[in-house]
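Visitor: Dropping a structure here in structure tokens format, bear with me for questions.
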Amino acid sequence: MRPASAVAVLLALLPAAACTTGPSLENRGEITAPPGDSRHLTIGSAGFTESDLLAQMYALLLDRAGYSTKIISVTNREIYEPALESGQIDVVPEYAATFADWLNAKKNGADAAPAGSPDLAATMKALRALAAPRGLTVLDPGRAVDQNAFAVAGRYAAEHHLKTLSDLGRSGLPVRLAAGDECVQRPYCAPGLKKTYGIRITAVDPKGVGTTQAKQAVQNGRDQMVLTTTTDATLDDFGLVLLADDRHLQNADYLVPVVNRSRAGSEGVRTALSRLNTVLTTADLARLDEQVDSWRRLPEDVARNYLESKDLVPRG
């Protein structure tokens, strides 16, 4: 459940975020004012484990750099992105390709060609071009990426000598895929697996993305593969292994901090948050997610322990 204080802040945020607090995007000129450096910053979390962990780490790093921070949980991007533009939220953790596509659809319509791609440099260029006119600055991505990923049973992989999705395509094996309903149409799911890898997807079993049910279906042999994510730390519990996306079907959903330029676009904020980039890996993030989801530890405790272990904040 969301903390009461966060709910109160969110309720206060809703009407303000719904109205226009400045000129429309179409009427904004080139942004030439120097980046702001407010000493009191609000960090937004999208309300799921990984976002909560990143928000906590951002807060701890900024606190150490001399900023005063608070965290609010806003689970809907349609709410928190306008609040980020208006300065009611100053910093949010985002995913490069997903956020690029979201901003692109907001500007050019739902049918616009995707702005995100498997190419990180191209994705970042597109994302920054979309974010800048909205008064947003996208900081540098780190090493951690949370992408769609596909897993099979370890014994199945060993039996058929599978390490990559290309291996599976070459095998010609029929594959029943446990995933969400939308996988039937999404270009990065069943259609992409067929087109890019030649995998024989015979059916999509609608059990959700990385759910316990979906993983159990692969574990017991009902399905041969499951759609999950690169930060899923529970695969070992089900005897599952990831197959490498060796032809780069998935988009570059690297973690990136996005800030309101007029309040948090300073070098101080950039330097504080960039300290995470050199240490946090995809595997690290999976382990941190696991500590919260499986071990029932608090995100703030997990975040602090991780940063202390990397000497990024003083030990308490």
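Please note that chains go A, B, ... in the order of the structure tokens, that every chain numbers its residues from 1, and that ligands are numbered from 1 in the order shown.
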Output as a Markdown table one row per residue of range 85-162 of chain A within 7 Å of range 213-226 of chain A: the closest atom pair and its distance in Å to one decimal place, counting only C-alpha atoms, sorted by chain and residue number ascending.

Guide:
```
| residue | atom | partner | partner_atom | distance |
| --- | --- | --- | --- | --- |
| A:Phe150 | CA | A:Val226 | CA | 5.6 |
| A:Ala151 | CA | A:Val226 | CA | 5.4 |
| A:Val152 | CA | A:Met225 | CA | 4.7 |
| A:Ala153 | CA | A:Gln219 | CA | 5.9 |
```

Visitor: Let's have the selection written as a compact mmCIF listing (two decimals), in the first residue's frame, with N, CA, C and O atoms.

Guide:
```
# COMPACT_ATOMS: atom_id res chain seq x y z
N PHE A 150 13.23 -13.60 -22.75
CA PHE A 150 12.52 -14.87 -22.92
C PHE A 150 13.32 -15.99 -22.26
O PHE A 150 14.53 -16.09 -22.45
N ALA A 151 12.62 -16.80 -21.47
CA ALA A 151 13.27 -17.87 -20.71
C ALA A 151 12.64 -19.20 -21.04
O ALA A 151 11.45 -19.30 -21.35
N VAL A 152 13.46 -20.25 -20.94
CA VAL A 152 13.01 -21.63 -21.13
C VAL A 152 13.47 -22.45 -19.93
O VAL A 152 14.31 -21.99 -19.14
N ALA A 153 12.95 -23.64 -19.80
CA ALA A 153 13.40 -24.53 -18.73
C ALA A 153 14.85 -24.91 -18.96
O ALA A 153 15.27 -25.16 -20.10
```

Visitor: Pick out the residues sitting within 8 Å of Pro93 in chain A, and hand them over as number ranges by chain; count only C-alpha atoms, and ignore anything fewer than 4 positions along from it in its own chain.

Guide: A: 44-45, 51, 54-55, 255-258

Visitor: Can you work out which one of A:Pro191, A:Gly66, A:Pro34, A:Gly142 has the shortest atom-to-atom distance to Thr282 in chain A, counting only C-alpha atoms?

Guide: A:Gly142

Visitor: Quick check for you: according to DSSP on this backbone, which residues of range 111-254 of chain A are classed as strand (DSSP E)? Reply as number ranges by chain.

Guide: A: 136-138, 148-153, 174-179, 200-206, 225-229, 240-243

Visitor: Taking only C-alpha atoms into account, which of A:Pro174, A:Pro82, A:Pro314, A:Gly109 comes nearest Arg64 in chain A?

Guide: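 With only C-alpha atoms as the atom set, the closest residue is A:Pro314.
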
Visitor: Can you tell me, as a ChimeraX atom specification, what residues are no more than 9 Å from Arg315 in chain A when counting only C-alpha atoms, ignoring any on the same chain fewer than 3 positions away?

Guide: /A:304-305,307-309,311

Visitor: Which residues are near Leu103 in chain A? Cut-off 9 Å, only C-alpha atoms, ignore same chain within fewer than 6 positions. Put them as a PyMOL selection string.

Guide: chain A and resi 115+127+130-131

Visitor: Please provide as a ChimeraX atom specification all residues within 10 Å of Arg263 in chain A, with the sequence filter that same-chain residues fewer than 2 positions apart are discarded (counting only C-alpha atoms).

Guide: /A:34-41,86-91,135-136,259-261,265-266,269

Visitor: Tell me, as a list in words, which residues lie within 10 Å of range 157-162 of chain A, counting only C-alpha atoms; anything in the same chain fewer than 5 positions away does not count.

Guide: Ala151, Val152, Asp167, Leu168, Gly169, Arg170, Ser171, Leu173, Gln224, Leu240, Val241, Leu242, Leu243 and Ala244 of chain A

Visitor: As a list in words, list the residues of range 179-239 of chain A assigned to helix (DSSP H, G or I) by DSSP on the backbone atoms of this structure.

Guide: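 These are the residues in question: Asp181, Glu182, Cys183, Val184, Ala190, Pro191, Gly192, Leu193, Lys194, Lys195, Thr196, Tyr197, Thr212, Gln213, Ala214, Lys215, Gln216, Ala217, Val218, Gln219, Leu235, Asp236, Asp237 and Phe238 of chain A.
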